[in-house]
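J.: Would you mind keeping the following structure in view while I ask a few things?
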Amino acid sequence: MRIEPGSGWVLDVGNMNDWQKKSPLDWQIYVNKLVKVIAIEKHEYEGWVLTVDPVSASIVLAAFLENEQVSISFVMGHAVQEVEILQEGDSEMEQRLSCIFAPKESKAYSPEELEKRKNDLKTWLETNHIPVTEQGESGRTLCVAGVLTIDPPYGPEQCSSSNEIILSRVQGLVQGYVEKQQ
């Protein structure tokens, strides 16, 4: 069947469901809570809500398995028919959920540990004849040759420079240094 423009036919591209009509503030109340989601065709999903995508209304669920493994599920917003809160999340659960996508090496350093990491890296760079200075109000940022900065916690990911060649080489050096320290 061919539909000509102006023929009076209206193409129904799907109606927004009640879930999709909610605002991000409405969805926020579900974050860090254990929920049961009923989707189209009577599919049911259960898990802790990590987030709700504000554009598609899709729900990201986390379920904790044995051996500290996590299963992540996505329920597309257009498929959501009902969301039931089963359990409130406590502060411990919020902490577990917030760490799911954190990099493994991501950890909190004390001010003393950061100072030691900075000084050790600075000494190592100077030993290898790489010019380095401290900059910023508290001297927390290392500046290499005036064209690259290294911010806390002083790993390769914290290197920043507009010169991609220098950035790549210094990141490689810092990565090698970090690996030797472990």
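By order of appearance in the structure tokens: chains A, B, ..., then residues from 1 within every chain, and ligands from 1 in the order shown.
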Excluding Pro131 of chain A and its own-chain neighbours fewer than 5 positions away, which residues fall within 9 Å of it when counting only C-alpha atoms? Please give them as an MDAnalysis selection string.

T.: chainID A and resid 125:126 143:146

J.: Among the residues of segment 21-118 of chain A, find those DSSP assigns to strand (DSSP E) from the backbone and print them as a PyMOL selection string.

T.: chain A and resi 33-39+44-52+59-64+70-75+80-88

J.: Please provide as an MDAnalysis selection string all residues within 10 Å of segment 111-121 of chain A, with the sequence filter that same-chain residues fewer than 4 positions apart are discarded (counting only C-alpha atoms).

T.: chainID A and resid 125:127 132 134 139:142 150:155 174 177:178 181

J.: Grab the residues selected above and save them as a PDB file, in the first residue's frame with N, CA, C and O atoms.

T.:
ATOM      1  N   LEU A 125      60.527  11.720  37.380  1.00  0.00           N
ATOM      2  CA  LEU A 125      60.634  12.478  36.135  1.00  0.00           C
ATOM      3  C   LEU A 125      61.948  13.262  36.089  1.00  0.00           C
ATOM      4  O   LEU A 125      62.644  13.263  35.059  1.00  0.00           O
ATOM      5  N   GLU A 126      62.292  13.913  37.205  1.00  0.00           N
ATOM      6  CA  GLU A 126      63.537  14.692  37.258  1.00  0.00           C
ATOM      7  C   GLU A 126      64.754  13.780  37.094  1.00  0.00           C
ATOM      8  O   GLU A 126      65.720  14.144  36.408  1.00  0.00           O
ATOM      9  N   THR A 127      64.728  12.616  37.697  1.00  0.00           N
ATOM     10  CA  THR A 127      65.819  11.644  37.576  1.00  0.00           C
ATOM     11  C   THR A 127      66.024  11.249  36.119  1.00  0.00           C
ATOM     12  O   THR A 127      67.143  10.984  35.686  1.00  0.00           O
ATOM     13  N   VAL A 132      60.108  19.275  35.160  1.00  0.00           N
ATOM     14  CA  VAL A 132      58.791  19.247  35.791  1.00  0.00           C
ATOM     15  C   VAL A 132      58.736  20.295  36.901  1.00  0.00           C
ATOM     16  O   VAL A 132      59.709  20.499  37.623  1.00  0.00           O
ATOM     17  N   GLU A 134      55.768  22.339  39.798  1.00  0.00           N
ATOM     18  CA  GLU A 134      54.453  22.265  40.428  1.00  0.00           C
ATOM     19  C   GLU A 134      53.723  23.553  40.118  1.00  0.00           C
ATOM     20  O   GLU A 134      54.322  24.620  40.082  1.00  0.00           O
ATOM     21  N   GLY A 139      49.928  23.779  44.542  1.00  0.00           N
ATOM     22  CA  GLY A 139      50.998  22.993  43.933  1.00  0.00           C
ATOM     23  C   GLY A 139      50.612  21.550  43.685  1.00  0.00           C
ATOM     24  O   GLY A 139      51.468  20.677  43.624  1.00  0.00           O
ATOM     25  N   ARG A 140      49.319  21.292  43.531  1.00  0.00           N
ATOM     26  CA  ARG A 140      48.843  19.915  43.352  1.00  0.00           C
ATOM     27  C   ARG A 140      49.084  19.396  41.947  1.00  0.00           C
ATOM     28  O   ARG A 140      49.139  18.195  41.729  1.00  0.00           O
ATOM     29  N   THR A 141      49.189  20.292  40.963  1.00  0.00           N
ATOM     30  CA  THR A 141      49.346  19.878  39.569  1.00  0.00           C
ATOM     31  C   THR A 141      50.808  19.907  39.164  1.00  0.00           C
ATOM     32  O   THR A 141      51.515  20.879  39.429  1.00  0.00           O
ATOM     33  N   LEU A 142      51.258  18.827  38.531  1.00  0.00           N
ATOM     34  CA  LEU A 142      52.612  18.794  37.978  1.00  0.00           C
ATOM     35  C   LEU A 142      52.550  19.289  36.539  1.00  0.00           C
ATOM     36  O   LEU A 142      51.614  18.958  35.800  1.00  0.00           O
ATOM     37  N   ILE A 150      49.784  17.081  34.915  1.00  0.00           N
ATOM     38  CA  ILE A 150      49.372  15.818  35.534  1.00  0.00           C
ATOM     39  C   ILE A 150      48.693  16.178  36.850  1.00  0.00           C
ATOM     40  O   ILE A 150      49.305  16.756  37.735  1.00  0.00           O
ATOM     41  N   ASP A 151      47.411  15.840  36.945  1.00  0.00           N
ATOM     42  CA  ASP A 151      46.622  16.136  38.141  1.00  0.00           C
ATOM     43  C   ASP A 151      46.544  14.909  39.039  1.00  0.00           C
ATOM     44  O   ASP A 151      46.827  13.794  38.603  1.00  0.00           O
ATOM     45  N   PRO A 152      46.137  15.107  40.310  1.00  0.00           N
ATOM     46  CA  PRO A 152      45.955  13.963  41.208  1.00  0.00           C
ATOM     47  C   PRO A 152      44.943  12.983  40.614  1.00  0.00           C
ATOM     48  O   PRO A 152      44.000  13.431  39.955  1.00  0.00           O
ATOM     49  N   PRO A 153      45.128  11.699  40.812  1.00  0.00           N
ATOM     50  CA  PRO A 153      46.139  10.996  41.600  1.00  0.00           C
ATOM     51  C   PRO A 153      47.412  10.638  40.840  1.00  0.00           C
ATOM     52  O   PRO A 153      48.090   9.688  41.173  1.00  0.00           O
ATOM     53  N   TYR A 154      47.726  11.396  39.805  1.00  0.00           N
ATOM     54  CA  TYR A 154      49.025  11.315  39.121  1.00  0.00           C
ATOM     55  C   TYR A 154      49.247  10.011  38.355  1.00  0.00           C
ATOM     56  O   TYR A 154      50.301   9.409  38.439  1.00  0.00           O
ATOM     57  N   GLY A 155      48.239   9.607  37.608  1.00  0.00           N
ATOM     58  CA  GLY A 155      48.363   8.444  36.735  1.00  0.00           C
ATOM     59  C   GLY A 155      48.310   8.893  35.283  1.00  0.00           C
ATOM     60  O   GLY A 155      48.118  10.080  34.990  1.00  0.00           O
ATOM     61  N   VAL A 174      54.550   7.539  32.258  1.00  0.00           N
ATOM     62  CA  VAL A 174      53.871   7.491  33.556  1.00  0.00           C
ATOM     63  C   VAL A 174      53.270   6.100  33.777  1.00  0.00           C
ATOM     64  O   VAL A 174      53.334   5.559  34.885  1.00  0.00           O
ATOM     65  N   TYR A 177      56.017   3.864  34.834  1.00  0.00           N
ATOM     66  CA  TYR A 177      56.389   4.196  36.219  1.00  0.00           C
ATOM     67  C   TYR A 177      55.387   3.594  37.193  1.00  0.00           C
ATOM     68  O   TYR A 177      55.771   2.962  38.187  1.00  0.00           O
ATOM     69  N   VAL A 178      54.103   3.762  36.918  1.00  0.00           N
ATOM     70  CA  VAL A 178      53.040   3.250  37.805  1.00  0.00           C
ATOM     71  C   VAL A 178      53.139   1.727  37.914  1.00  0.00           C
ATOM     72  O   VAL A 178      53.009   1.172  39.003  1.00  0.00           O
ATOM     73  N   GLN A 181      55.817   0.595  40.227  1.00  0.00           N
ATOM     74  CA  GLN A 181      55.540   0.898  41.629  1.00  0.00           C
ATOM     75  C   GLN A 181      54.669  -0.176  42.276  1.00  0.00           C
ATOM     76  O   GLN A 181      54.629  -0.297  43.481  1.00  0.00           O
TER      77      GLN A 181
END

J.: Mind running segment 66-179 of chain A against segment 38-61 of chain A at 7 Å and telling me each contacting residue's nearest atom pair with the distance in Å (one decimal), counting only C-alpha atoms, chain and number ascending, as a tab-separated table?

T.:
residue	atom	partner	partner_atom	distance
A:Ile72	CA	A:Leu61	CA	5.6
A:Ser73	CA	A:Leu61	CA	5.0
A:Phe74	CA	A:Val60	CA	4.7
A:Val75	CA	A:Ile59	CA	5.1
A:Met76	CA	A:Ser58	CA	4.3
A:Gly77	CA	A:Ser58	CA	4.0
A:Ala79	CA	A:Ala39	CA	5.1
A:Val80	CA	A:Ala39	CA	4.5
A:Gln81	CA	A:Ala39	CA	5.1
A:Glu82	CA	A:Ile38	CA	5.1
A:Val83	CA	A:Ile38	CA	6.4
A:Leu97	CA	A:Leu50	CA	6.7

J.: Could you pull out the residues in segment 71-165 of chain A that DSSP calls alpha helix (DSSP H) from the backbone, as an MDAnalysis selection string?

T.: chainID A and resid 91:98 111:127 164:165

J.: Can I get the selected residues back with N, CA and C atoms, as a compact mmCIF listing (two decimals), in the first residue's frame?

T.:
# COMPACT_ATOMS: atom_id res chain seq x y z
N SER A 91 22.27 3.20 52.65
CA SER A 91 23.52 3.86 52.23
C SER A 91 24.55 2.84 51.75
N GLU A 92 24.56 1.66 52.34
CA GLU A 92 25.50 0.62 51.90
C GLU A 92 25.19 0.18 50.46
N MET A 93 23.90 0.02 50.15
CA MET A 93 23.51 -0.37 48.80
C MET A 93 23.82 0.75 47.81
N GLU A 94 23.58 1.99 48.20
CA GLU A 94 23.92 3.12 47.33
C GLU A 94 25.40 3.11 47.00
N GLN A 95 26.24 2.79 47.99
CA GLN A 95 27.68 2.73 47.78
C GLN A 95 28.03 1.60 46.82
N ARG A 96 27.42 0.43 47.00
CA ARG A 96 27.68 -0.71 46.09
C ARG A 96 27.30 -0.36 44.66
N LEU A 97 26.14 0.28 44.51
CA LEU A 97 25.66 0.65 43.17
C LEU A 97 26.56 1.69 42.52
N SER A 98 27.03 2.65 43.31
CA SER A 98 27.86 3.72 42.74
C SER A 98 29.22 3.22 42.29
N PRO A 111 45.17 12.91 51.63
CA PRO A 111 46.04 14.02 51.20
C PRO A 111 47.52 13.65 51.31
N GLU A 112 47.87 12.86 52.32
CA GLU A 112 49.27 12.45 52.50
C GLU A 112 49.70 11.51 51.38
N GLU A 113 48.81 10.56 51.01
CA GLU A 113 49.12 9.63 49.92
C GLU A 113 49.28 10.38 48.60
N LEU A 114 48.41 11.36 48.35
CA LEU A 114 48.51 12.14 47.12
C LEU A 114 49.81 12.93 47.07
N GLU A 115 50.20 13.52 48.19
CA GLU A 115 51.45 14.28 48.25
C GLU A 115 52.64 13.36 47.97
N LYS A 116 52.61 12.16 48.54
CA LYS A 116 53.69 11.20 48.31
C LYS A 116 53.73 10.76 46.85
N ARG A 117 52.56 10.47 46.26
CA ARG A 117 52.50 10.08 44.85
C ARG A 117 53.05 11.19 43.96
N LYS A 118 52.67 12.43 44.26
CA LYS A 118 53.14 13.57 43.47
C LYS A 118 54.65 13.70 43.57
N ASN A 119 55.17 13.69 44.80
CA ASN A 119 56.61 13.87 45.00
C ASN A 119 57.42 12.73 44.40
N ASP A 120 56.92 11.49 44.53
CA ASP A 120 57.63 10.35 43.95
C ASP A 120 57.68 10.44 42.43
N LEU A 121 56.54 10.81 41.81
CA LEU A 121 56.51 10.93 40.35
C LEU A 121 57.40 12.08 39.90
N LYS A 122 57.34 13.20 40.62
CA LYS A 122 58.17 14.35 40.27
C LYS A 122 59.65 13.98 40.33
N THR A 123 60.06 13.30 41.40
CA THR A 123 61.46 12.86 41.55
C THR A 123 61.85 11.92 40.42
N TRP A 124 60.98 10.99 40.08
CA TRP A 124 61.26 10.04 39.01
C TRP A 124 61.42 10.76 37.66
N LEU A 125 60.53 11.72 37.38
CA LEU A 125 60.63 12.48 36.13
C LEU A 125 61.95 13.26 36.09
N GLU A 126 62.29 13.91 37.21
CA GLU A 126 63.54 14.69 37.26
C GLU A 126 64.75 13.78 37.09
N THR A 127 64.73 12.62 37.70
CA THR A 127 65.82 11.64 37.58
C THR A 127 66.02 11.25 36.12
N GLU A 164 49.33 16.09 21.12
CA GLU A 164 49.02 14.66 21.23
C GLU A 164 50.26 13.78 21.28
N ILE A 165 51.31 14.18 20.60
CA ILE A 165 52.54 13.38 20.59
C ILE A 165 53.17 13.38 21.97
